[in-house]
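The structure appears right after this line, and notes come after that.
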Amino acid sequence: MRRRALLGSAAAAVALAVADPGAAHAAGRQNARHLGMFRDGDPTAIAAETGRLYGVTPSSVMWFDSWASGQAFPVEQARLLWRRGIMPHYTWEPWNTALGPADPAQIHLADVIGGAWDGYIKARAREFAAVREPILVRWGHEFNGNWYPWGIANNNNDPSLYVRAYRHVHDLARAAGARNVQWVWAFNNGSSPDEPYNDPAAAYPGDAYVDWVGIDGYNWGFGPSWDPAGDHWTSFDATFATAYAKARVVAPDRPVMLGEFASTEDGGDKAQWIEQMDAMLRSGAYPDLRLLTYFDVIKEEPWSPGSSPAALAAFTRWVNRGYMHGRGHELARIACR
């Protein structure tokens, strides 16, 4: 947002506050940032643990499921989340986690396009619809990486296959009644490999199919598993600025979320990383970034906020800021404007 527009918005907010303090408060709430959380466990447990650990109710909780699991969507848990004012966020992964990305028996985009999974898609879509409240569905995320079988690099280097598969899943789900789904198109903050065919813009399904643009990115720090001698410590801004700018070019009318993000402890000051992020967000940077989903696990790196006392204190201060107190019903309305 240009400086003139920021100044104009600030002046309007001051005038509104003088004329009608209640309206000013409502306007501020409409521009709130929203906290999403992912932790190991079922969706309702994630919500309860976030409150216990960090003293805050998230706007959404996220969990993962793979197609080969055959599991039903947890309708009752999703309804329970909504009764607590929390929007469900379902990462729906079209693969068999027991097989490698190149395994001939793996699920690939041609299988999706060809209809091999239509019955499964329709069954899950009917369960989505049964929730009768909005849900976020993040399908085929990080498609510009080479680590998932749906990645463009594992599908003939052809982004059009991803577009066709995404549209196919979307259209089948809507036809089955899942009109309460808000669809999340999510790319990784860096493409691997970094080649023209792997530019996320080439795999955008179109505004008719996308409600949210998602970005995944991590501060990997020093010596991650994929580069043990490398220093990959990057600030929040360095992690996301380029990807956010791309999101605004590809889909300028869609709100942005961080579908996954976190910082390690290795190679820098994690507490300072969180504090600098907090300061940037409070300053009005990334104005269209409305949902930030923290990856609260110890997996490849110590991502969890509790990886050190200083990081835990900084994270707890951040999530309890007034601007982070958006609620699920407010989050659900963002993509409907």
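Here, A, B, ... name the chains of the structure tokens in the order displayed, residue numbers run from 1 inside each chain, and ligands are numbered from 1 in the same displayed order.
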Do a neighbour search on A:Val249 at 12 Å with only C-alpha atoms, toss out local chain neighbours closer than 4 positions, and write the hits as a PDB file with N, CA and C atoms, in the first residue's frame.
```pdb
ATOM      1  N   PRO A 200       5.056 -20.028  -9.594  1.00  0.00           N
ATOM      2  CA  PRO A 200       3.681 -20.231  -9.132  1.00  0.00           C
ATOM      3  C   PRO A 200       2.635 -19.552 -10.003  1.00  0.00           C
ATOM      4  N   ALA A 201       2.983 -18.424 -10.609  1.00  0.00           N
ATOM      5  CA  ALA A 201       2.004 -17.702 -11.431  1.00  0.00           C
ATOM      6  C   ALA A 201       1.467 -18.573 -12.558  1.00  0.00           C
ATOM      7  N   TYR A 204      -1.655 -20.778 -11.428  1.00  0.00           N
ATOM      8  CA  TYR A 204      -2.803 -20.156 -10.751  1.00  0.00           C
ATOM      9  C   TYR A 204      -4.093 -20.617 -11.422  1.00  0.00           C
ATOM     10  N   VAL A 213      -5.059 -16.724  -1.163  1.00  0.00           N
ATOM     11  CA  VAL A 213      -3.718 -17.073  -1.617  1.00  0.00           C
ATOM     12  C   VAL A 213      -2.875 -17.370  -0.382  1.00  0.00           C
ATOM     13  N   THR A 242       9.261 -11.224  -1.010  1.00  0.00           N
ATOM     14  CA  THR A 242       9.188 -11.518  -2.444  1.00  0.00           C
ATOM     15  C   THR A 242       7.949 -12.337  -2.776  1.00  0.00           C
ATOM     16  N   ALA A 243       7.657 -13.331  -1.951  1.00  0.00           N
ATOM     17  CA  ALA A 243       6.489 -14.169  -2.202  1.00  0.00           C
ATOM     18  C   ALA A 243       5.199 -13.372  -2.039  1.00  0.00           C
ATOM     19  N   TYR A 244       5.152 -12.481  -1.054  1.00  0.00           N
ATOM     20  CA  TYR A 244       3.961 -11.648  -0.865  1.00  0.00           C
ATOM     21  C   TYR A 244       3.753 -10.744  -2.078  1.00  0.00           C
ATOM     22  N   ALA A 245       4.838 -10.158  -2.577  1.00  0.00           N
ATOM     23  CA  ALA A 245       4.715  -9.308  -3.772  1.00  0.00           C
ATOM     24  C   ALA A 245       4.188 -10.116  -4.958  1.00  0.00           C
ATOM     25  N   ASP A 253      -6.833  -9.378  -5.917  1.00  0.00           N
ATOM     26  CA  ASP A 253      -8.124  -9.217  -5.252  1.00  0.00           C
ATOM     27  C   ASP A 253      -8.395 -10.287  -4.206  1.00  0.00           C
ATOM     28  N   ARG A 254      -7.409 -11.117  -3.910  1.00  0.00           N
ATOM     29  CA  ARG A 254      -7.603 -12.181  -2.933  1.00  0.00           C
ATOM     30  C   ARG A 254      -6.786 -11.910  -1.680  1.00  0.00           C
ATOM     31  N   VAL A 256      -4.470 -12.750   1.615  1.00  0.00           N
ATOM     32  CA  VAL A 256      -3.279 -13.594   1.723  1.00  0.00           C
ATOM     33  C   VAL A 256      -3.205 -14.202   3.121  1.00  0.00           C
TER      34      VAL A 256
END
```
**Request:** Return as number ranges by chain the full set of residues in stretch 115-220 of chain A whose backbone-based DSSP assignment is alpha helix (DSSP H).
**Result:** A: 118-131, 159-175
Can I get the selected residues back with C-alpha atoms, as a CSV table (one decimal), in the first residue's frame?
```csv
chain,number,residue,atom,x,y,z
A,118,ASP,CA,-13.8,-38.8,-8.1
A,119,GLY,CA,-15.7,-41.0,-5.7
A,120,TYR,CA,-13.4,-40.1,-2.9
A,121,ILE,CA,-13.5,-36.4,-3.6
A,122,LYS,CA,-17.4,-36.4,-3.7
A,123,ALA,CA,-17.6,-38.3,-0.4
A,124,ARG,CA,-15.3,-35.8,1.3
A,125,ALA,CA,-17.2,-32.9,-0.3
A,126,ARG,CA,-20.5,-34.1,1.1
A,127,GLU,CA,-18.9,-34.1,4.5
A,128,PHE,CA,-17.6,-30.6,4.0
A,129,ALA,CA,-21.1,-29.5,3.2
A,130,ALA,CA,-22.5,-31.2,6.3
A,131,VAL,CA,-20.6,-28.8,8.6
A,159,PRO,CA,1.9,-26.3,-14.5
A,160,SER,CA,-1.2,-26.7,-16.6
A,161,LEU,CA,-1.7,-30.2,-15.1
A,162,TYR,CA,-1.8,-28.7,-11.7
A,163,VAL,CA,-4.4,-26.1,-12.8
A,164,ARG,CA,-6.6,-28.8,-14.3
A,165,ALA,CA,-6.4,-31.0,-11.3
A,166,TYR,CA,-7.1,-28.1,-8.9
A,167,ARG,CA,-10.1,-27.1,-10.9
A,168,HIS,CA,-11.4,-30.6,-11.2
A,169,VAL,CA,-11.3,-31.1,-7.4
A,170,HIS,CA,-12.9,-27.7,-6.9
A,171,ASP,CA,-15.7,-28.3,-9.4
A,172,LEU,CA,-16.5,-31.8,-8.1
A,173,ALA,CA,-16.7,-30.6,-4.5
A,174,ARG,CA,-19.0,-27.7,-5.4
A,175,ALA,CA,-21.3,-29.9,-7.5
```
**Request:** Write out as number ranges by chain each polymer residue whose atoms come within 8 Å of stretch 34-40 of chain A, counting only C-alpha atoms; drop sequence neighbours fewer than 6 positions from it.
**Result:** A: 46-47, 50, 58-63, 290-297, 319, 324-327, 331
I need the residues from that last selection saved to file as a PDB file, in the first residue's frame (with N, CA and C atoms), if you can.
```pdb
ATOM      1  N   ILE A  46      -5.931 -29.220  19.389  1.00  0.00           N
ATOM      2  CA  ILE A  46      -5.076 -28.090  18.996  1.00  0.00           C
ATOM      3  C   ILE A  46      -5.611 -26.805  19.600  1.00  0.00           C
ATOM      4  N   ALA A  47      -6.923 -26.607  19.500  1.00  0.00           N
ATOM      5  CA  ALA A  47      -7.532 -25.393  20.030  1.00  0.00           C
ATOM      6  C   ALA A  47      -7.334 -25.297  21.537  1.00  0.00           C
ATOM      7  N   THR A  50      -3.623 -24.598  22.500  1.00  0.00           N
ATOM      8  CA  THR A  50      -3.197 -23.227  22.203  1.00  0.00           C
ATOM      9  C   THR A  50      -3.605 -22.289  23.330  1.00  0.00           C
ATOM     10  N   PRO A  58      -7.215 -19.278  19.058  1.00  0.00           N
ATOM     11  CA  PRO A  58      -6.888 -18.967  17.670  1.00  0.00           C
ATOM     12  C   PRO A  58      -8.139 -18.737  16.835  1.00  0.00           C
ATOM     13  N   SER A  59      -7.985 -18.001  15.750  1.00  0.00           N
ATOM     14  CA  SER A  59      -9.094 -17.823  14.811  1.00  0.00           C
ATOM     15  C   SER A  59      -9.354 -19.088  14.023  1.00  0.00           C
ATOM     16  N   SER A  60      -8.295 -19.881  13.802  1.00  0.00           N
ATOM     17  CA  SER A  60      -8.453 -21.146  13.081  1.00  0.00           C
ATOM     18  C   SER A  60      -7.447 -22.148  13.607  1.00  0.00           C
ATOM     19  N   VAL A  61      -7.751 -23.412  13.403  1.00  0.00           N
ATOM     20  CA  VAL A  61      -6.784 -24.480  13.631  1.00  0.00           C
ATOM     21  C   VAL A  61      -6.699 -25.307  12.363  1.00  0.00           C
ATOM     22  N   MET A  62      -5.488 -25.783  12.093  1.00  0.00           N
ATOM     23  CA  MET A  62      -5.233 -26.523  10.862  1.00  0.00           C
ATOM     24  C   MET A  62      -4.804 -27.946  11.176  1.00  0.00           C
ATOM     25  N   TRP A  63      -5.234 -28.871  10.337  1.00  0.00           N
ATOM     26  CA  TRP A  63      -4.744 -30.232  10.411  1.00  0.00           C
ATOM     27  C   TRP A  63      -4.618 -30.783   8.992  1.00  0.00           C
ATOM     28  N   ARG A 290      -3.784 -11.601   6.235  1.00  0.00           N
ATOM     29  CA  ARG A 290      -4.826 -11.583   7.263  1.00  0.00           C
ATOM     30  C   ARG A 290      -4.791 -12.791   8.201  1.00  0.00           C
ATOM     31  N   LEU A 291      -4.198 -13.898   7.765  1.00  0.00           N
ATOM     32  CA  LEU A 291      -4.133 -15.093   8.599  1.00  0.00           C
ATOM     33  C   LEU A 291      -2.704 -15.612   8.613  1.00  0.00           C
ATOM     34  N   LEU A 292      -2.174 -15.874   9.810  1.00  0.00           N
ATOM     35  CA  LEU A 292      -0.824 -16.403   9.973  1.00  0.00           C
ATOM     36  C   LEU A 292      -0.911 -17.691  10.780  1.00  0.00           C
ATOM     37  N   THR A 293      -0.612 -18.818  10.140  1.00  0.00           N
ATOM     38  CA  THR A 293      -0.744 -20.119  10.778  1.00  0.00           C
ATOM     39  C   THR A 293       0.625 -20.623  11.192  1.00  0.00           C
ATOM     40  N   TYR A 294       0.842 -20.675  12.498  1.00  0.00           N
ATOM     41  CA  TYR A 294       2.152 -21.060  13.024  1.00  0.00           C
ATOM     42  C   TYR A 294       2.256 -22.577  13.119  1.00  0.00           C
ATOM     43  N   PHE A 295       3.420 -23.091  12.704  1.00  0.00           N
ATOM     44  CA  PHE A 295       3.700 -24.527  12.670  1.00  0.00           C
ATOM     45  C   PHE A 295       4.328 -24.903  14.002  1.00  0.00           C
ATOM     46  N   ASP A 296       3.495 -25.244  14.956  1.00  0.00           N
ATOM     47  CA  ASP A 296       3.912 -25.418  16.345  1.00  0.00           C
ATOM     48  C   ASP A 296       4.282 -26.869  16.623  1.00  0.00           C
ATOM     49  N   VAL A 297       5.389 -27.297  16.037  1.00  0.00           N
ATOM     50  CA  VAL A 297       5.894 -28.651  16.266  1.00  0.00           C
ATOM     51  C   VAL A 297       7.420 -28.600  16.290  1.00  0.00           C
ATOM     52  N   VAL A 319       0.964 -13.078  20.163  1.00  0.00           N
ATOM     53  CA  VAL A 319      -0.383 -13.587  19.907  1.00  0.00           C
ATOM     54  C   VAL A 319      -1.429 -12.930  20.798  1.00  0.00           C
ATOM     55  N   MET A 324      -4.066  -8.941  16.996  1.00  0.00           N
ATOM     56  CA  MET A 324      -4.108 -10.370  16.697  1.00  0.00           C
ATOM     57  C   MET A 324      -5.347 -11.044  17.280  1.00  0.00           C
ATOM     58  N   HIS A 325      -6.294 -10.266  17.743  1.00  0.00           N
ATOM     59  CA  HIS A 325      -7.446 -10.854  18.415  1.00  0.00           C
ATOM     60  C   HIS A 325      -8.640 -11.018  17.491  1.00  0.00           C
ATOM     61  N   GLY A 326      -8.385 -11.253  16.209  1.00  0.00           N
ATOM     62  CA  GLY A 326      -9.481 -11.586  15.306  1.00  0.00           C
ATOM     63  C   GLY A 326     -10.101 -12.920  15.698  1.00  0.00           C
ATOM     64  N   ARG A 327     -11.363 -13.102  15.340  1.00  0.00           N
ATOM     65  CA  ARG A 327     -12.084 -14.323  15.677  1.00  0.00           C
ATOM     66  C   ARG A 327     -12.500 -15.054  14.411  1.00  0.00           C
ATOM     67  N   LEU A 331     -12.781 -13.934  10.461  1.00  0.00           N
ATOM     68  CA  LEU A 331     -11.915 -14.543   9.456  1.00  0.00           C
ATOM     69  C   LEU A 331     -12.733 -15.074   8.290  1.00  0.00           C
TER      70      LEU A 331
END
```
**Message:** List the spatial neighbours of A:Ala310 as a list in words - criterion: any atom at most 10 Å away, only C-alpha atoms, same-chain residues fewer than 3 positions off excluded.
**Reply:**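 Final neighbour list, sorted by chain and number: Asp269, Lys270, Ala271, Gln272, Pro305, Gly306, Ser307, Ala313, Ala314, Phe315 and Thr316 of chain A.
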**Request:** Determine, counting only C-alpha atoms, which protein, DNA and RNA residues have an atom within 6 Å of an atom of A:Ser263; residues of the same chain fewer than 5 positions away are not included. Present the result as a list of chain:residue names.
**Result:**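 Residues meeting the cut-off are A:Tyr218, A:Asn219, A:Trp303.
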**Message:** Give me the residues near A:Asn155 as a list in words, where near means some atom within 12 Å (using only C-alpha atoms) and where sequence neighbours in that chain fewer than 5 positions away do not count.
**Reply:**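 Within the cut-off, the hits are Pro101, Ala102, Gln106, Ile107, His108, Leu109, Ala110, Asp111, Val112, Phe143, Asn144, Gly145, Asn146, Trp147, Tyr148, Pro149, Trp150, Ser160, Leu161, Tyr162, Val163, Ala165, Tyr197 and Asn198 of chain A.
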**Item:** Distance in Å - atom CA of A:Asp266 versus atom CA of A:Ala241
**Value:**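 About the pair atom CA of A:Asp266 and atom CA of A:Ala241: they are 21.7 Å apart.
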